[in-house]
Each structure stands twice: as structure tokens, then as C-alpha cells.
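File shown: data_14.cif (mmCIF, C-alpha atoms and all ligand atoms).
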data_coords
#
loop_
_atom_site.label_atom_id
_atom_site.label_comp_id
_atom_site.auth_asym_id
_atom_site.auth_seq_id
_atom_site.Cartn_x
_atom_site.Cartn_y
_atom_site.Cartn_z
CA MET A 1 -19.44 -2.45 14.08
CA LYS A 2 -15.78 -2.43 15.09
CA LEU A 3 -12.63 -2.36 13.01
CA VAL A 4 -9.19 -3.52 14.02
CA ILE A 5 -6.91 -0.48 13.75
CA THR A 6 -3.14 -0.32 14.21
CA GLU A 7 -2.67 3.44 13.84
CA ILE A 8 -4.15 6.65 12.45
CA PHE A 9 -1.81 9.53 11.65
CA HIS A 10 -1.24 12.47 9.33
CA SER A 11 1.75 12.63 7.00
CA LEU A 12 2.84 12.95 3.37
CA GLN A 13 2.26 9.95 1.14
CA GLY A 14 5.74 8.47 0.89
CA GLU A 15 5.45 6.28 -2.20
CA GLY A 16 3.49 5.50 -5.35
CA PRO A 17 1.33 7.65 -7.62
CA MET A 18 0.32 10.09 -4.87
CA LEU A 19 3.89 10.63 -3.69
CA GLY A 20 4.20 13.76 -1.59
CA THR A 21 0.45 14.28 -1.09
CA PRO A 22 -0.57 15.33 2.43
CA SER A 23 -2.75 12.47 3.65
CA ILE A 24 -4.44 10.97 6.67
CA PHE A 25 -3.39 7.33 7.08
CA ILE A 26 -5.62 4.66 8.57
CA ARG A 27 -3.62 1.48 9.06
CA LEU A 28 -5.80 -1.57 9.60
CA GLY A 29 -4.40 -4.41 11.66
CA GLY A 30 -3.92 -8.01 10.58
CA CYS A 31 -2.48 -9.56 7.45
CA ILE A 32 -2.78 -12.86 5.62
CA GLU A 33 -0.38 -15.73 4.91
CA PRO A 34 2.08 -15.94 3.35
CA LEU A 35 3.59 -12.98 5.17
CA CYS A 36 6.30 -11.02 3.34
CA PRO A 37 9.80 -11.59 4.79
CA TRP A 38 10.72 -7.96 3.99
CA CYS A 39 7.52 -6.48 5.54
CA ASP A 40 8.16 -2.95 6.84
CA THR A 41 5.05 -2.89 9.05
CA PRO A 42 5.17 -6.25 10.88
CA TYR A 43 3.73 -4.51 13.95
CA ALA A 44 0.43 -4.34 12.02
CA TRP A 45 0.19 -8.15 12.22
CA HIS A 46 -0.49 -8.15 15.96
CA GLU A 47 -0.55 -4.58 17.32
CA PHE A 48 -4.02 -3.12 17.10
CA ARG A 49 -7.13 -2.04 18.96
CA GLU A 50 -10.81 -2.19 18.15
CA MET A 51 -12.43 1.09 17.11
CA GLY A 52 -15.99 1.89 16.07
CA ILE A 53 -16.66 3.86 12.89
CA ASP A 54 -17.67 7.02 14.80
CA GLU A 55 -14.48 6.85 16.84
CA ILE A 56 -12.39 6.54 13.66
CA LEU A 57 -14.22 9.44 12.00
CA LEU A 58 -13.56 11.59 15.05
CA GLU A 59 -9.86 10.78 14.95
CA VAL A 60 -9.65 11.38 11.17
CA GLY A 61 -11.45 14.72 11.62
CA ARG A 62 -8.67 15.96 13.92
CA TYR A 63 -6.32 16.21 10.93
CA PRO A 64 -6.33 18.68 8.02
CA GLY A 65 -6.96 17.68 4.40
CA ARG A 66 -9.36 15.49 2.46
CA ASP A 67 -7.05 12.69 1.27
CA VAL A 68 -7.25 9.45 3.23
CA VAL A 69 -5.03 6.44 2.63
CA ILE A 70 -6.42 3.15 3.94
CA THR A 71 -3.61 0.69 4.31
CA GLY A 72 -2.44 -2.27 6.37
CA GLY A 73 -1.69 -4.98 7.15
CA GLU A 74 -4.22 -6.12 4.59
CA PRO A 75 -7.19 -3.73 4.75
CA PHE A 76 -9.61 -5.76 2.62
CA LEU A 77 -9.66 -8.56 5.21
CA GLN A 78 -12.10 -6.28 7.07
CA TRP A 79 -14.26 -5.15 4.13
CA GLU A 80 -17.36 -7.08 5.16
CA SER A 81 -16.82 -6.74 8.89
CA GLY A 82 -16.71 -2.93 8.99
CA LEU A 83 -14.48 -1.38 6.34
CA LYS A 84 -17.32 -1.00 3.84
CA GLY A 85 -19.24 1.03 6.42
CA LEU A 86 -16.20 3.22 7.12
CA HIS A 87 -15.64 3.66 3.37
CA ASP A 88 -19.22 4.89 2.84
CA ALA A 89 -19.01 7.23 5.84
CA LEU A 90 -15.74 8.79 4.62
CA VAL A 91 -16.96 9.17 1.02
CA ASN A 92 -20.19 10.78 2.25
CA ARG A 93 -18.11 13.31 4.20
CA GLY A 94 -16.20 14.28 1.05
CA TYR A 95 -12.91 12.49 1.68
CA ARG A 96 -10.88 11.20 -1.28
CA LEU A 97 -9.88 7.62 -0.57
CA CYS A 98 -6.96 5.54 -1.71
CA TYR A 99 -6.55 1.89 -0.72
CA GLU A 100 -3.19 0.19 -0.50
CA THR A 101 -3.55 -3.58 -0.76
CA SER A 102 -1.48 -6.67 -1.42
CA GLY A 103 -4.44 -8.28 -3.19
CA LYS A 104 -3.85 -11.44 -1.13
CA ALA A 105 -7.42 -11.27 0.17
CA GLY A 106 -8.86 -10.24 -3.22
CA ILE A 107 -10.33 -6.80 -3.94
CA PRO A 108 -14.04 -6.15 -3.41
CA GLU A 109 -16.11 -3.93 -5.70
CA VAL A 110 -15.17 -0.51 -4.39
CA GLN A 111 -16.83 2.69 -5.62
CA GLY A 112 -15.28 6.12 -5.21
CA ALA A 113 -11.69 5.24 -4.33
CA ALA A 114 -8.36 4.65 -6.01
CA ILE A 115 -6.80 1.23 -5.49
CA VAL A 116 -3.05 0.77 -5.44
CA LEU A 117 -2.24 -2.91 -5.64
CA SER A 118 1.13 -4.19 -4.50
CA PRO A 119 1.47 -7.81 -5.68
CA LYS A 120 3.87 -9.86 -3.55
CA HIS A 121 6.43 -12.34 -4.84
CA ILE A 122 7.10 -14.73 -1.96
CA ASP A 123 8.99 -18.04 -2.02
CA GLY A 124 9.19 -18.06 -5.80
CA SER A 125 5.59 -17.29 -6.67
CA TRP A 126 3.19 -14.36 -6.94
CA HIS A 127 0.27 -14.13 -4.52
CA CYS A 128 -2.28 -12.03 -6.37
CA SER A 129 -5.47 -13.03 -8.17
CA ALA A 130 -6.48 -12.02 -11.69
CA GLN A 131 -9.57 -10.40 -10.15
CA ALA A 132 -7.37 -8.16 -7.97
CA LEU A 133 -5.24 -7.17 -10.97
CA GLN A 134 -8.35 -6.24 -12.89
CA ARG A 135 -9.84 -4.09 -10.13
CA ALA A 136 -6.69 -2.12 -9.31
CA ASP A 137 -6.01 1.36 -10.69
CA CYS A 138 -2.24 1.01 -10.51
CA TYR A 139 0.44 -1.40 -9.40
CA LYS A 140 3.28 -0.88 -6.97
CA PHE A 141 6.16 -3.33 -6.74
CA VAL A 142 9.11 -3.65 -4.40
CA ALA A 143 12.46 -4.66 -5.93
CA ASP A 144 15.74 -5.50 -4.26
CA ASP A 145 18.00 -6.44 -7.18
CA LEU A 146 18.12 -7.02 -10.93
CA PRO A 147 16.63 -10.56 -10.81
CA SER A 148 13.66 -9.25 -8.83
CA LEU A 149 13.20 -6.42 -11.34
CA ARG A 150 13.19 -9.01 -14.12
CA GLU A 151 10.54 -11.03 -12.21
CA ILE A 152 8.39 -7.89 -12.01
CA ASP A 153 8.87 -7.15 -15.69
CA ALA A 154 7.88 -10.72 -16.61
CA PHE A 155 4.78 -10.48 -14.37
CA VAL A 156 3.74 -7.19 -15.98
CA ARG A 157 4.10 -8.70 -19.45
CA VAL A 158 2.30 -11.97 -18.67
CA HIS A 159 -0.67 -10.06 -17.26
CA ALA A 160 -0.50 -7.34 -19.93
CA LEU A 161 -0.47 -4.58 -17.32
CA ASP A 162 -0.17 -1.02 -18.57
CA ALA A 163 3.47 0.02 -17.92
CA GLU A 164 2.32 3.59 -17.33
CA ARG A 165 0.41 2.39 -14.27
CA VAL A 166 3.36 0.46 -12.83
CA PHE A 167 5.44 1.95 -10.01
CA ILE A 168 8.59 0.26 -8.73
CA MET A 169 10.33 1.16 -5.51
CA PRO A 170 13.56 -0.05 -3.96
CA MET A 171 13.15 -2.49 -1.09
CA GLY A 172 14.51 -1.22 2.18
CA ALA A 173 13.29 -0.31 5.64
CA THR A 174 16.34 1.89 6.25
CA ARG A 175 17.73 4.90 4.43
CA GLU A 176 20.94 3.00 3.65
CA GLU A 177 19.09 0.04 2.10
CA GLN A 178 16.98 2.43 0.01
CA LEU A 179 19.96 4.38 -1.30
CA GLN A 180 21.93 1.24 -2.05
CA ARG A 181 19.21 -0.03 -4.43
CA MET A 182 18.17 3.26 -6.02
CA GLU A 183 20.58 3.23 -8.94
CA THR A 184 19.56 -0.25 -10.14
CA VAL A 185 15.85 0.50 -9.85
CA PHE A 186 16.29 3.91 -11.49
CA ALA A 187 18.10 2.47 -14.52
CA PHE A 188 15.61 -0.40 -14.90
CA CYS A 189 12.57 1.89 -14.75
CA ARG A 190 14.12 4.33 -17.20
CA ASP A 191 14.91 1.54 -19.68
CA HIS A 192 11.53 -0.25 -19.40
CA GLY A 193 9.06 2.66 -19.23
CA TYR A 194 8.02 2.20 -15.60
CA HIS A 195 7.59 4.85 -12.93
CA MET A 196 10.11 4.76 -10.14
CA THR A 197 9.02 5.73 -6.68
CA PRO A 198 11.27 6.14 -3.67
CA ARG A 199 10.03 5.50 -0.14
CA LEU A 200 10.16 9.11 0.94
CA HIS A 201 9.29 8.55 4.60
CA VAL A 202 12.14 6.02 4.90
CA LEU A 203 14.61 8.37 3.21
CA VAL A 204 13.65 11.21 5.53
CA PHE A 205 12.93 9.42 8.81
CA GLY A 206 14.46 5.93 8.52
CA GLN A 207 12.42 3.40 10.50
CA ARG A 208 10.42 5.89 12.56
CA ARG A 209 6.70 5.05 12.78
CA GLY A 210 3.69 7.27 12.18
CA VAL A 211 5.49 9.84 10.00
S1 LIG B 1 1.12 -7.81 2.65
FE1 LIG B 1 1.95 -5.87 3.45
S2 LIG B 1 1.54 -5.91 5.68
FE2 LIG B 1 1.26 -8.02 4.91
S3 LIG B 1 3.23 -9.01 5.28
FE3 LIG B 1 3.27 -8.21 3.15
S4 LIG B 1 4.16 -6.15 3.29
FE4 LIG B 1 3.57 -6.77 5.39
#

As a first step, turn the structure in this file into C-alpha cells.
Ligand code: SF4
Amino acid sequence: MKLVITEIFHSLQGEGPMLGTPSIFIRLGGCIEPLCPWCDTPYAWHEFREMGIDEILLEVGRYPGRDVVITGGEPFLQWESGLKGLHDALVNRGYRLCYETSGKAGIPEVQGAAIVLSPKHIDGSWHCSAQALQRADCYKFVADDLPSLREIDAFVRVHALDAERVFIMPMGATREEQLQRMETVFAFCRDHGYHMTPRLHVLVFGQRRGV
């Protein structure tokens, strides 16, 4: 069974509830329409290679630590075609798993992993099913201005999401874009009871990949 992999690397988790945690990242290739105009990993749409589960485990084993982030692209597109097998193999070897997903492909029943769902607001509507919202452990949103923060707040209220499990980060693939939006996101999160998360890897390294 082969998976489509864009990159595997070791770094610190740069955003969300596990911010700052040393982690091994497995980025699966391929995403699903509609694609996000602000996507910071568009290379994952078409840059990938096929790897077998043993090959992936070997690569993961080269790095220190037990925390593995499985991200994309949209990782759950490959759940049935190989990801489930990789998931079981990693859990059996004692790795702690965290999935990062847009929810655009739904979320399967996953045992033994945290799921961070990042619902996408594209062309005026949200692309995330009720099933995905229910199965996620926490929610990560990207905001670029006050209207987008208000859209997020309305979405959270409509779906009765727990504010304590909501993380909002400033949109921006460059350090400058991040810094420019920080103050607005900071004030909004403070006033509405949400967590704010920066994008640490962008603040430190800008657009560099695999860091
Ligand atoms: S879901 Fe993620 S990988 Fe896919 S287009 Fe949106 S931001 Fe990019």
C-alpha cells in the first residue's frame, strides 16, 4: 500500500494547541476543491512521491521524539488508501499522533489521535461538514481582518463550538503579513475568549519550507 507524500521533516509545531512542541511532520500530498486562495502549502497540491508504509516508518524513525503531526494537503483523502494502515503502525510503535485537516473530505472515525480541524471560508461560504465538526478535538481558524474574525465568531456560535477549543491565527505566509495582522487578532481573541496562535515557523523563518 502506497501513500502520496510531499515531505517528512522534524521541527517545532508552529501553530495551534501544540504550539512549540517538537514534532515529526508527515505532509501528505493532494488537496480537494475548492482550494484556498491563501494556501501556504500549494506545493502539496502537486509535489509528491509515492512511499510505502515501511519506507515512511523508516524515515520517521530517523528523527527524535514521539509526537507526529500528519498534515497536508488534505490527509484524510488517503485514509482508506493507506493512511489508516500508517496510523495503526505509528500508534502501535508508541507515537502520539495529531491530524491537521480542513474537514473538506470529512473526518473518519480515528482512534488514538488528536484532530485539529481548520474549517475554510472560501468564496463566501464555509466548507466543513457537521460530522467533521463533531469529530474534531479543536478548531483552528485563519483570519486576515475584522470582518473575517466576525465570520469566524458567527460560525462558532451557529455551531455551538466550545470557545476554549477555538484557536485563531493571523493569515500570512510572510513575517510582515503575520505581524501586520497580529494586533487585530490579539484584541479579538482577548475580547471573545478565544485562544490566539501565531504561526511561529513563519515568524522565525518566513516562507522557508521544511522548518
Ligand atoms: S485545505 Fe489546506 S492544503 Fe488545501 S488549499 Fe486549503 S490551506 Fe491549502

Inset, instruction - Please indicate the distance in Å from CA of Val204 in chain A to CA of Pro75 in chain A, rounded to one decimal place. - result: 25.7 Å

Legend entry - Residue contacts of range 32-42 of chain A (12 Å, only C-alpha atoms) excluding same-chain residues fewer than 6 positions away, as a count of residues only: 45

Legend entry - Nearest candidate to Leu161 in chain A (options A:Ala130, A:Cys98, A:Leu90, A:Leu149; using only C-alpha atoms):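 Closest to Leu161 in chain A, using only C-alpha atoms: A:Ala130.
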
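Considering the residues A:His159, A:Arg135, A:Lys84, A:His46 and counting only C-alpha atoms, Val116 in chain A has its shortest atom-to-atom contact with A:Arg135.
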
What are the centre and the three edge lengths of an axis-aligned box that wraps all atoms of ligand LIG 1 (chain B) in the file, given that 8 Å is added to every side, written as AutoDock Vina command-line options and rounded to one decimal in Å?
--center_x 2.6 --center_y -7.4 --center_z 4.2 --size_x 19.0 --size_y 19.1 --size_z 19.0

Legend entry - Exercise: Tyr99 in chain A partners within 12 Å, all atoms listed in the file, chain neighbours under 3 positions left out, as a ChimeraX atom specification: /A:16-18,24-28,67-76,79,83,87,96,102-103,107-108,110-118,135-140

Produce a file of the selected residues containing C-alpha atoms, as a CSV table (one decimal), in the coordinates of the input.
chain,number,residue,atom,x,y,z
A,16,GLY,CA,3.5,5.5,-5.4
A,17,PRO,CA,1.3,7.6,-7.6
A,18,MET,CA,0.3,10.1,-4.9
A,24,ILE,CA,-4.4,11.0,6.7
A,25,PHE,CA,-3.4,7.3,7.1
A,26,ILE,CA,-5.6,4.7,8.6
A,27,ARG,CA,-3.6,1.5,9.1
A,28,LEU,CA,-5.8,-1.6,9.6
A,67,ASP,CA,-7.0,12.7,1.3
A,68,VAL,CA,-7.2,9.4,3.2
A,69,VAL,CA,-5.0,6.4,2.6
A,70,ILE,CA,-6.4,3.2,3.9
A,71,THR,CA,-3.6,0.7,4.3
A,72,GLY,CA,-2.4,-2.3,6.4
A,73,GLY,CA,-1.7,-5.0,7.2
A,74,GLU,CA,-4.2,-6.1,4.6
A,75,PRO,CA,-7.2,-3.7,4.8
A,76,PHE,CA,-9.6,-5.8,2.6
A,79,TRP,CA,-14.3,-5.2,4.1
A,83,LEU,CA,-14.5,-1.4,6.3
A,87,HIS,CA,-15.6,3.7,3.4
A,96,ARG,CA,-10.9,11.2,-1.3
A,102,SER,CA,-1.5,-6.7,-1.4
A,103,GLY,CA,-4.4,-8.3,-3.2
A,107,ILE,CA,-10.3,-6.8,-3.9
A,108,PRO,CA,-14.0,-6.2,-3.4
A,110,VAL,CA,-15.2,-0.5,-4.4
A,111,GLN,CA,-16.8,2.7,-5.6
A,112,GLY,CA,-15.3,6.1,-5.2
A,113,ALA,CA,-11.7,5.2,-4.3
A,114,ALA,CA,-8.4,4.6,-6.0
A,115,ILE,CA,-6.8,1.2,-5.5
A,116,VAL,CA,-3.0,0.8,-5.4
A,117,LEU,CA,-2.2,-2.9,-5.6
A,118,SER,CA,1.1,-4.2,-4.5
A,135,ARG,CA,-9.8,-4.1,-10.1
A,136,ALA,CA,-6.7,-2.1,-9.3
A,137,ASP,CA,-6.0,1.4,-10.7
A,138,CYS,CA,-2.2,1.0,-10.5
A,139,TYR,CA,0.4,-1.4,-9.4
A,140,LYS,CA,3.3,-0.9,-7.0

Legend entry - Between CA of Gly94 in chain A and CA of Gln13 in chain A, distance in Å (one decimal): 19.0 Å

Legend entry - Residue nearest Arg181 in chain A - candidates A:Glu50, A:Glu15, A:Asp153, A:Asp145, atoms counted: all atoms listed in the file: A:Asp145
